[in-house]
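Visitor: This is the structure I have questions about; it appears just below.
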Amino acid sequence: MGKRGERQSERTLVCVIQALMGLELLVELRNDLSIRGFLDDCDNAMNVIIKDAMIEDVEGCQKHMPLIFVRGSNIRFVHIPDNVNIMQAVEERRLVLDRAALAYMGGKGLAPMPKVLETQIPDTADAAI
Amino acid sequence: MATEDDSAVKEPLDLIRLSLDERIYVKLRSDRELRGKLHAYDQHLNMILGDVEEVVTSVEIDDETYEEIVKTSKRHVQYLFVRGDGVILVSPPLRTS
């Protein structure tokens with residue numbers, strides 16, 4: 001079972017956004033655009049993919065787009081749906097990821113480590129230490 | 001788990017930690033201000049605020065008199081995630097009395 005805070009995303013509040021994947025929410029961008037749609041994906045940089053999106057600008061002009069990618073740095077606010085229990089959603093996602101990591105390792109319980117062949121390690125590495 | 005060290009104020013972010021679950025005032029870029037209850041924050045100053053009031057201030061200049069007209073618009077949001085790169089300052093709410 002992974003400890004809390006081992007994943008890069010769990011050290012910041014991005015994990016809260018990631019816990020909302022699949023839900024409908026409103027994202028406000030720095031350029032005053034509002035995007036309402038279903039959060040399809042969110043990465044550690046808060047880049048998001050929104051499906052079935054309705055984009056509204058300051059004047060109220062609306063446009064529908066089936067699939068949007070938004071760079072995380074452009075986000076100002078994310079409106080979290082009222083009926084969501086955030087703490088529970090974050091915990092559930094953490095458990096899902098832990099189980100997936102365990103299943104990946106065939107149940108042995110160790111996180112995957114990169115395999116380094118001995119021939120790839122240069123001899124000068126030891127000399128530097 | 002809560003030792004004396006955990007509650008010590010060592011760095012500026014610790015001051016924000018003291019405001020958890022309290023109402024705070026947040027000044028954002030683009031002449032925006034938020035007042036709400038701080039539920040969570042991180043080192044980027046991403047925050048989750050509850051029961052939030054947002055105030056947007058805009059200054060318009062009258063074409064004829066050239067006087068500055070300060071306008072504010074308010075909005076209420078129940079549960080808001082704020083991205084940290086927009087945050088200028090965080091403070092306990094200003095008491096106007």
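Lettering and numbering for the structure tokens are positional, with chains as A, B, ... in the shown order, residues counted from 1 in each chain, and ligands counted from 1 in the shown order.
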Using DSSP secondary structure from the backbone, list all alpha helix (DSSP H) positions within range 11-89 of chain B, as a PyMOL selection string.
Guide: chain B and resi 12-17
Visitor: Write out the residues from the selection above, keeping N, CA, C and O atoms, as a compact mmCIF listing (two decimals), in the first residue's frame.
Guide:
# COMPACT_ATOMS: atom_id res chain seq x y z
N PRO B 12 7.01 31.11 5.98
CA PRO B 12 5.78 31.85 5.70
C PRO B 12 4.57 30.97 5.44
O PRO B 12 3.46 31.33 5.85
N LEU B 13 4.77 29.81 4.80
CA LEU B 13 3.62 28.95 4.54
C LEU B 13 2.98 28.46 5.83
O LEU B 13 1.79 28.14 5.86
N ASP B 14 3.76 28.40 6.89
CA ASP B 14 3.18 27.97 8.17
C ASP B 14 2.14 28.95 8.66
O ASP B 14 1.21 28.57 9.37
N LEU B 15 2.31 30.22 8.31
CA LEU B 15 1.33 31.22 8.73
C LEU B 15 -0.02 30.94 8.08
O LEU B 15 -1.07 31.15 8.67
N ILE B 16 0.04 30.45 6.82
CA ILE B 16 -1.21 30.10 6.14
C ILE B 16 -1.81 28.87 6.80
O ILE B 16 -3.03 28.75 6.92
N ARG B 17 -0.94 27.97 7.24
CA ARG B 17 -1.44 26.77 7.91
C ARG B 17 -2.25 27.14 9.14
O ARG B 17 -3.22 26.47 9.48
Visitor: Could you list the residues in chain A lying within 8 Å of chain B, using only C-alpha atoms, and format the result as a list in words?
Guide: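 Output check: Arg11, Thr12, Leu13, Ser73, Ile75, Arg76, Phe77, Val78, His79, Ile80, Pro81 and Asp82 of chain A.
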Visitor: Residues as selected, N, CA and C atoms, written as an mmCIF file, in the first residue's frame, can you do that?
Guide:
data_model
loop_
_atom_site.group_PDB
_atom_site.id
_atom_site.type_symbol
_atom_site.label_atom_id
_atom_site.label_comp_id
_atom_site.auth_asym_id
_atom_site.auth_seq_id
_atom_site.Cartn_x
_atom_site.Cartn_y
_atom_site.Cartn_z
ATOM 1 N N ARG A 11 1.503 15.557 -3.521
ATOM 2 C CA ARG A 11 2.160 16.589 -2.725
ATOM 3 C C ARG A 11 1.576 17.961 -2.993
ATOM 4 N N THR A 12 0.714 18.039 -3.990
ATOM 5 C CA THR A 12 0.071 19.319 -4.273
ATOM 6 C C THR A 12 -1.429 19.086 -4.362
ATOM 7 N N LEU A 13 -2.179 20.141 -4.568
ATOM 8 C CA LEU A 13 -3.630 20.008 -4.617
ATOM 9 C C LEU A 13 -4.150 19.554 -5.979
ATOM 10 N N SER A 73 -1.585 26.099 -16.902
ATOM 11 C CA SER A 73 -1.212 27.445 -16.480
ATOM 12 C C SER A 73 -2.285 28.467 -16.820
ATOM 13 N N ILE A 75 -5.462 28.095 -16.229
ATOM 14 C CA ILE A 75 -6.637 27.956 -15.381
ATOM 15 C C ILE A 75 -6.561 28.943 -14.224
ATOM 16 N N ARG A 76 -7.678 29.614 -13.974
ATOM 17 C CA ARG A 76 -7.753 30.484 -12.812
ATOM 18 C C ARG A 76 -8.509 29.781 -11.685
ATOM 19 N N PHE A 77 -9.719 29.328 -11.983
ATOM 20 C CA PHE A 77 -10.530 28.639 -10.974
ATOM 21 C C PHE A 77 -11.056 27.313 -11.517
ATOM 22 N N VAL A 78 -11.352 26.403 -10.582
ATOM 23 C CA VAL A 78 -12.141 25.227 -10.928
ATOM 24 C C VAL A 78 -13.294 25.192 -9.936
ATOM 25 N N HIS A 79 -14.514 25.245 -10.454
ATOM 26 C CA HIS A 79 -15.665 25.166 -9.564
ATOM 27 C C HIS A 79 -15.946 23.707 -9.269
ATOM 28 N N ILE A 80 -15.843 23.355 -8.003
ATOM 29 C CA ILE A 80 -16.072 21.964 -7.617
ATOM 30 C C ILE A 80 -17.570 21.764 -7.416
ATOM 31 N N PRO A 81 -18.132 20.683 -7.992
ATOM 32 C CA PRO A 81 -19.578 20.455 -7.838
ATOM 33 C C PRO A 81 -19.980 20.352 -6.377
ATOM 34 N N ASP A 82 -21.173 20.849 -6.052
ATOM 35 C CA ASP A 82 -21.603 20.914 -4.664
ATOM 36 C C ASP A 82 -21.775 19.547 -4.031
#
Visitor: How many Å lie between CA of Thr72 in chain B and CA of Gly36 in chain B, rounded to one decimal?
Guide: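 Taking CA of Thr72 in chain B as the start and CA of Gly36 in chain B as the end point, the length is 17.5 Å.
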Visitor: Just the number, please: distance in Å from CA of Val56 in chain B to CA of Leu34 in chain B, one decimal.
Guide: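 Separating CA of Val56 in chain B from CA of Leu34 in chain B is a distance of 9.0 Å.
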Visitor: Which of chain B counts as strand (DSSP E or B) under DSSP, as a PyMOL selection string please?
Guide: chain B and resi 23-28+32-41+47-61+68-82+87-91
Visitor: Please list as a VMD selection string every residue within 7 Å of range 57-62 of chain B, counting only C-alpha atoms and excluding residues in the same chain fewer than 3 positions away.
Guide: chain B and resid 31 to 32 65 to 73
Visitor: Please identify all polymer residues within 9 Å of Leu23 in chain A, counting only C-alpha atoms, omitting same-chain residues fewer than 6 positions from it, and present them as number ranges by chain.
Guide: A: 37-40, 81
Visitor: So the first atom is CA of Ile24 in chain B and the second is CA of Glu28 in chain A; what is the distance between them in Å, to one decimal place?
Guide: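 For CA of Ile24 in chain B relative to CA of Glu28 in chain A, the distance reads 21.1 Å.
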Visitor: For Lys63 in chain A, find every residue with an atom within 7 Å (counting only C-alpha atoms), except residues of its own chain fewer than 5 positions away, and show them as a list in words.
Guide: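 My list of contacting residues is Met54, Ile55 and Glu56 of chain A.
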Visitor: I'd like the contact shell of Leu67 in chain A - 8 Å cut-off, only C-alpha atoms, skipping same-chain residues fewer than 6 positions apart - returned as a PyMOL selection string.
Guide: chain A and resi 49-53
Visitor: Within 10 Å of Val70 in chain A, counting only C-alpha atoms, which residues show up once you throw out same-chain ones fewer than 6 positions away? Write them as a list in words, please.
Guide: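 The neighbour list is Val27, Leu29, Ile35, Cys42, Met46, Asn47, Val48, Ile49 and Ile50 of chain A.
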Visitor: B:Ala8, B:Lys74, B:Leu38, B:Asp51: which is nearest Val26 in chain B, counting only C-alpha atoms?
Guide: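 Residue with the minimum atom-to-atom distance to Val26 in chain B: B:Leu38.
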